[in-house]
Amino acid sequence: MYDEQLAEFSRERLDGRPIPDDLRVLLVAQWEGRTDFTRLLDLDFFEAGEVHPLLDTSYLSEKELADPEMQAVNAAAAEMATYVKLVAKGGKGWLGYWLHPDEPADRPWHLTELDTEFTFWSLVGLTLTEGAAAGRASYRDEPDERIAFTQLAAELAEIGLPLSTRDYDALDDTEYRVDPEELMEELIEAEREKRGLR
């Protein structure tokens, strides 16, 4: 029923890669107007045509766009957008996947979060749902995020989206092989050097 929308989302947000199963469920739920997942995970998925946050320069003035330092940052951000596949608004800003070619291909995609200051954050979990749920656990009424995560995992399972674990401490926390934050800094420095700003 949503095959064309899913294909378009895949092309626009994931460079044509297959959409992970949990993301497919979440997207269809949003398109059907269901609010249960949105309420639990605080995710709002990008609509067709929305600009990737790393490519959005609409908030910059002409003077800022002409500034060589800002041009270096924007060029580095554009290169980062080839590896950072953001799919939703939520958390500290935007959530998605870190798909750098040097990351192992034999595991689920690493999760990443980008805040509004262009700082990258690692998310625990094997799926976007697990990463978002782990992040949301600290915002629940239950002060212990481990208990809150278990409760949230149970609620997600009840509405058809079970997680791989209900144990917060068992969530996958594999480190990036290529750290997004470090790569962004390296790319900015390389762009600064190209512009004679070093």
# chains A, B, ... in the order shown; residues from 1 in each chain; ligands from 1
$ residues_around --residues "Phe46 of chain A" --least-positions-apart "5" --cutoff "12 Å" --atoms "only C-alpha atoms" --output "list in words"
Gln5, Leu6, Glu8, Phe9, Ser10, Glu12, Arg13, Leu14, Leu26, Leu27, Gln30, Trp31, Val51, His52, Pro53, Lys85, Leu86, Val87, Ala88, Lys89, Gly90, Trp94, Leu95 and Gly96 of chain A
$ select_by_dssp --residues "chain A" --states "helix (DSSP H, G or I)" --output "VMD selection string"
chain A and resid 3 to 14 21 to 31 36 to 41 62 to 66 68 to 80 128 to 137 145 to 158 168 to 170 180 to 194
$ write_last_selection --atoms "C-alpha atoms" --output "mmCIF file, in the first residue's frame"
data_model
loop_
_atom_site.group_PDB
_atom_site.id
_atom_site.type_symbol
_atom_site.label_atom_id
_atom_site.label_comp_id
_atom_site.auth_asym_id
_atom_site.auth_seq_id
_atom_site.Cartn_x
_atom_site.Cartn_y
_atom_site.Cartn_z
ATOM 1 C CA ASP A 3 5.424 0.762 -1.594
ATOM 2 C CA GLU A 4 6.012 3.901 -3.660
ATOM 3 C CA GLN A 5 6.383 6.132 -0.587
ATOM 4 C CA LEU A 6 8.795 3.625 0.963
ATOM 5 C CA ALA A 7 10.814 3.457 -2.253
ATOM 6 C CA GLU A 8 10.942 7.258 -2.416
ATOM 7 C CA PHE A 9 12.006 7.488 1.233
ATOM 8 C CA SER A 10 14.729 4.917 0.583
ATOM 9 C CA ARG A 11 16.019 6.840 -2.433
ATOM 10 C CA GLU A 12 15.896 10.232 -0.720
ATOM 11 C CA ARG A 13 17.086 9.341 2.781
ATOM 12 C CA LEU A 14 19.115 6.113 2.406
ATOM 13 C CA ASP A 21 12.152 -3.453 9.239
ATOM 14 C CA ASP A 22 11.498 -1.285 12.284
ATOM 15 C CA LEU A 23 11.841 1.907 10.260
ATOM 16 C CA ARG A 24 9.330 0.555 7.745
ATOM 17 C CA VAL A 25 6.802 -0.051 10.554
ATOM 18 C CA LEU A 26 7.375 3.424 11.988
ATOM 19 C CA LEU A 27 7.069 5.157 8.613
ATOM 20 C CA VAL A 28 3.830 3.398 7.707
ATOM 21 C CA ALA A 29 2.420 4.214 11.147
ATOM 22 C CA GLN A 30 3.199 7.917 10.624
ATOM 23 C CA TRP A 31 1.689 7.911 7.135
ATOM 24 C CA ASP A 36 1.216 5.629 19.342
ATOM 25 C CA PHE A 37 4.818 5.267 18.171
ATOM 26 C CA THR A 38 5.296 9.020 17.926
ATOM 27 C CA ARG A 39 4.055 9.438 21.484
ATOM 28 C CA LEU A 40 6.395 6.754 22.811
ATOM 29 C CA LEU A 41 9.512 7.559 20.774
ATOM 30 C CA GLU A 62 24.329 36.113 2.273
ATOM 31 C CA LYS A 63 27.264 37.523 4.232
ATOM 32 C CA GLU A 64 27.594 34.282 6.218
ATOM 33 C CA LEU A 65 27.353 32.185 3.048
ATOM 34 C CA ALA A 66 30.175 34.235 1.497
ATOM 35 C CA PRO A 68 35.309 31.400 3.762
ATOM 36 C CA GLU A 69 35.143 29.838 7.240
ATOM 37 C CA MET A 70 31.434 29.131 6.802
ATOM 38 C CA GLN A 71 32.052 27.808 3.296
ATOM 39 C CA ALA A 72 34.593 25.361 4.763
ATOM 40 C CA VAL A 73 32.055 24.185 7.348
ATOM 41 C CA ASN A 74 29.297 23.861 4.730
ATOM 42 C CA ALA A 75 31.536 21.898 2.355
ATOM 43 C CA ALA A 76 32.532 19.528 5.164
ATOM 44 C CA ALA A 77 28.881 19.153 6.192
ATOM 45 C CA ALA A 78 27.931 18.307 2.591
ATOM 46 C CA GLU A 79 30.520 15.529 2.532
ATOM 47 C CA MET A 80 29.307 14.260 5.913
ATOM 48 C CA LEU A 128 16.473 3.028 15.282
ATOM 49 C CA THR A 129 13.597 2.037 17.562
ATOM 50 C CA GLU A 130 15.987 0.735 20.219
ATOM 51 C CA GLY A 131 18.153 3.848 19.989
ATOM 52 C CA ALA A 132 15.171 6.183 20.232
ATOM 53 C CA ALA A 133 13.663 4.166 23.101
ATOM 54 C CA ALA A 134 16.937 4.245 25.033
ATOM 55 C CA GLY A 135 17.067 8.011 24.585
ATOM 56 C CA ARG A 136 13.446 8.467 25.600
ATOM 57 C CA ALA A 137 13.848 6.321 28.737
ATOM 58 C CA GLU A 145 16.244 4.812 33.033
ATOM 59 C CA ARG A 146 16.781 1.035 33.087
ATOM 60 C CA ILE A 147 13.318 0.446 34.505
ATOM 61 C CA ALA A 148 11.863 3.122 32.226
ATOM 62 C CA PHE A 149 13.437 1.422 29.191
ATOM 63 C CA THR A 150 11.967 -1.937 30.217
ATOM 64 C CA GLN A 151 8.524 -0.330 30.542
ATOM 65 C CA LEU A 152 8.884 1.417 27.186
ATOM 66 C CA ALA A 153 10.041 -1.814 25.507
ATOM 67 C CA ALA A 154 6.957 -3.579 26.874
ATOM 68 C CA GLU A 155 4.665 -0.828 25.549
ATOM 69 C CA LEU A 156 6.317 -1.003 22.111
ATOM 70 C CA ALA A 157 5.909 -4.793 22.039
ATOM 71 C CA GLU A 158 2.223 -4.431 22.923
ATOM 72 C CA TYR A 168 18.861 -1.488 28.924
ATOM 73 C CA ASP A 169 22.318 -2.779 29.843
ATOM 74 C CA ALA A 170 22.139 -5.419 27.087
ATOM 75 C CA PRO A 180 31.551 11.073 12.967
ATOM 76 C CA GLU A 181 32.604 13.935 15.218
ATOM 77 C CA GLU A 182 36.303 13.395 14.500
ATOM 78 C CA LEU A 183 35.697 13.005 10.768
ATOM 79 C CA MET A 184 33.681 16.241 10.672
ATOM 80 C CA GLU A 185 36.593 18.097 12.301
ATOM 81 C CA GLU A 186 39.073 16.556 9.832
ATOM 82 C CA LEU A 187 36.893 17.516 6.879
ATOM 83 C CA ILE A 188 36.490 21.094 8.124
ATOM 84 C CA GLU A 189 40.259 21.403 8.536
ATOM 85 C CA ALA A 190 40.835 20.013 5.032
ATOM 86 C CA GLU A 191 38.318 22.495 3.609
ATOM 87 C CA ARG A 192 39.934 25.345 5.557
ATOM 88 C CA GLU A 193 43.305 24.379 4.132
ATOM 89 C CA LYS A 194 41.890 24.355 0.575
#
$ closest_residue --among "A:Thr112, A:Leu171, A:Asp102, A:Leu43" --to "Leu126 of chain A" --atoms "only C-alpha atoms"
A:Leu171
$ atom_distance --atom1 "atom CA of Thr35 of chain A" --atom2 "atom CA of Phe118 of chain A"
28.3 Å
$ residues_around --residues "Trp98 of chain A" --least-positions-apart "6" --cutoff "7 Å" --atoms "only C-alpha atoms" --output "PyMOL selection string"
chain A and resi 83-85+109-112
$ atom_distance --atom1 "atom CA of Ala81 of chain A" --atom2 "atom CA of Leu55 of chain A"
7.2 Å
$ atom_distance --atom1 "atom CA of Ser61 of chain A" --atom2 "atom CA of Glu113 of chain A"
26.1 Å
$ closest_residue --among "A:Leu99, A:Asp56, A:Glu47, A:Leu197" --to "Arg17 of chain A" --atoms "only C-alpha atoms"
A:Leu99
$ closest_residue --among "A:Gly91, A:Gly196, A:Pro18, A:Gly49" --to "Tyr139 of chain A" --atoms "only C-alpha atoms"
A:Gly91
$ select_by_dssp --residues "segment 21-166 of chain A" --states "strand (DSSP E or B)" --output "NGL selection string"
:A and (43-45 or 84-90 or 93-98 or 110-115 or 120-122)
$ decode --residues "segment 2-18 of chain A" --atoms "all heavy atoms" --output "short mmCIF file (atom, residue, chain, number, x, y, z; two decimals), in the first residue's frame"
data_model
loop_
_atom_site.label_atom_id
_atom_site.label_comp_id
_atom_site.auth_asym_id
_atom_site.auth_seq_id
_atom_site.Cartn_x
_atom_site.Cartn_y
_atom_site.Cartn_z
N TYR A 2 2.00 1.20 0.68
CA TYR A 2 2.89 2.36 0.75
C TYR A 2 4.19 2.09 0.02
O TYR A 2 5.20 2.74 0.30
CB TYR A 2 3.16 2.72 2.22
CG TYR A 2 1.95 3.29 2.92
CD1 TYR A 2 1.14 2.47 3.71
CD2 TYR A 2 1.62 4.62 2.79
CE1 TYR A 2 0.03 2.98 4.35
CE2 TYR A 2 0.51 5.14 3.42
CZ TYR A 2 -0.29 4.32 4.21
OH TYR A 2 -1.39 4.83 4.84
N ASP A 3 4.19 1.17 -0.92
CA ASP A 3 5.42 0.76 -1.59
C ASP A 3 6.12 1.92 -2.28
O ASP A 3 7.35 2.05 -2.18
CB ASP A 3 5.16 -0.35 -2.61
CG ASP A 3 4.79 -1.67 -1.94
OD1 ASP A 3 5.04 -1.80 -0.72
OD2 ASP A 3 4.28 -2.56 -2.63
N GLU A 4 5.38 2.78 -2.96
CA GLU A 4 6.01 3.90 -3.66
C GLU A 4 6.59 4.91 -2.68
O GLU A 4 7.69 5.42 -2.88
CB GLU A 4 5.02 4.57 -4.61
CG GLU A 4 5.67 5.66 -5.47
CD GLU A 4 6.95 5.25 -6.19
OE1 GLU A 4 7.01 4.12 -6.73
OE2 GLU A 4 7.92 6.04 -6.19
N GLN A 5 5.87 5.20 -1.59
CA GLN A 5 6.38 6.13 -0.59
C GLN A 5 7.63 5.56 0.08
O GLN A 5 8.59 6.29 0.33
CB GLN A 5 5.32 6.42 0.48
CG GLN A 5 4.27 7.42 0.02
CD GLN A 5 3.21 7.60 1.10
OE1 GLN A 5 2.27 6.83 1.17
NE2 GLN A 5 3.40 8.61 1.93
N LEU A 6 7.63 4.26 0.36
CA LEU A 6 8.80 3.63 0.96
C LEU A 6 9.99 3.67 0.01
O LEU A 6 11.11 3.96 0.43
CB LEU A 6 8.48 2.18 1.36
CG LEU A 6 7.53 2.04 2.55
CD1 LEU A 6 6.97 0.62 2.63
CD2 LEU A 6 8.23 2.42 3.85
N ALA A 7 9.74 3.41 -1.26
CA ALA A 7 10.81 3.46 -2.25
C ALA A 7 11.38 4.87 -2.36
O ALA A 7 12.60 5.06 -2.43
CB ALA A 7 10.30 2.96 -3.61
N GLU A 8 10.49 5.87 -2.35
CA GLU A 8 10.94 7.26 -2.42
C GLU A 8 11.75 7.63 -1.18
O GLU A 8 12.79 8.29 -1.27
CB GLU A 8 9.74 8.19 -2.58
CG GLU A 8 10.12 9.65 -2.68
CD GLU A 8 8.92 10.58 -2.86
OE1 GLU A 8 7.77 10.10 -2.82
OE2 GLU A 8 9.15 11.78 -3.01
N PHE A 9 11.29 7.21 -0.01
CA PHE A 9 12.01 7.49 1.23
C PHE A 9 13.40 6.85 1.18
O PHE A 9 14.39 7.46 1.55
CB PHE A 9 11.21 6.96 2.44
CG PHE A 9 11.74 7.42 3.76
CD1 PHE A 9 11.27 8.59 4.34
CD2 PHE A 9 12.72 6.70 4.43
CE1 PHE A 9 11.76 9.03 5.56
CE2 PHE A 9 13.23 7.14 5.65
CZ PHE A 9 12.74 8.30 6.21
N SER A 10 13.45 5.62 0.71
CA SER A 10 14.73 4.92 0.58
C SER A 10 15.68 5.68 -0.34
O SER A 10 16.85 5.87 -0.02
CB SER A 10 14.50 3.50 0.06
OG SER A 10 15.72 2.91 -0.27
N ARG A 11 15.17 6.11 -1.48
CA ARG A 11 16.02 6.84 -2.43
C ARG A 11 16.50 8.16 -1.84
O ARG A 11 17.67 8.52 -1.93
CB ARG A 11 15.25 7.13 -3.73
CG ARG A 11 15.09 5.95 -4.65
CD ARG A 11 14.51 6.34 -6.01
NE ARG A 11 13.22 7.00 -5.93
CZ ARG A 11 12.05 6.35 -5.90
NH1 ARG A 11 12.01 5.03 -5.96
NH2 ARG A 11 10.91 7.03 -5.84
N GLU A 12 15.58 8.89 -1.20
CA GLU A 12 15.90 10.23 -0.72
C GLU A 12 16.72 10.23 0.56
O GLU A 12 17.62 11.06 0.72
CB GLU A 12 14.59 11.00 -0.50
CG GLU A 12 14.79 12.47 -0.27
CD GLU A 12 13.49 13.25 -0.27
OE1 GLU A 12 12.62 13.00 -1.14
OE2 GLU A 12 13.34 14.11 0.60
N ARG A 13 16.45 9.32 1.45
CA ARG A 13 17.09 9.34 2.78
C ARG A 13 18.20 8.31 2.95
O ARG A 13 19.08 8.50 3.78
CB ARG A 13 16.04 9.12 3.88
CG ARG A 13 15.01 10.19 3.94
CD ARG A 13 15.58 11.47 4.46
NE ARG A 13 14.70 12.58 4.11
CZ ARG A 13 15.07 13.84 4.10
NH1 ARG A 13 16.29 14.18 4.41
NH2 ARG A 13 14.23 14.77 3.75
N LEU A 14 18.15 7.21 2.20
CA LEU A 14 19.11 6.11 2.41
C LEU A 14 19.89 5.77 1.14
O LEU A 14 20.49 4.70 1.06
CB LEU A 14 18.38 4.87 2.92
CG LEU A 14 17.59 5.04 4.22
CD1 LEU A 14 16.77 3.80 4.51
CD2 LEU A 14 18.53 5.36 5.38
N ASP A 15 19.85 6.64 0.16
CA ASP A 15 20.54 6.40 -1.12
C ASP A 15 20.13 5.07 -1.75
O ASP A 15 20.95 4.38 -2.36
CB ASP A 15 22.07 6.45 -0.95
CG ASP A 15 22.57 7.85 -0.64
OD1 ASP A 15 21.87 8.82 -0.98
OD2 ASP A 15 23.67 7.97 -0.06
N GLY A 16 18.87 4.71 -1.59
CA GLY A 16 18.34 3.50 -2.22
C GLY A 16 18.57 2.21 -1.44
O GLY A 16 18.17 1.14 -1.90
N ARG A 17 19.18 2.30 -0.27
CA ARG A 17 19.39 1.09 0.54
C ARG A 17 18.05 0.57 1.05
O ARG A 17 17.11 1.34 1.21
CB ARG A 17 20.30 1.40 1.72
CG ARG A 17 21.73 1.73 1.35
CD ARG A 17 22.50 2.16 2.60
NE ARG A 17 23.87 2.50 2.33
CZ ARG A 17 24.30 3.72 1.99
NH1 ARG A 17 23.43 4.71 1.87
NH2 ARG A 17 25.57 3.94 1.76
N PRO A 18 18.00 -0.73 1.36
CA PRO A 18 16.76 -1.28 1.92
C PRO A 18 16.40 -0.61 3.25
O PRO A 18 17.28 -0.32 4.06
CB PRO A 18 17.08 -2.76 2.14
CG PRO A 18 18.28 -3.04 1.29
CD PRO A 18 19.03 -1.75 1.18
#
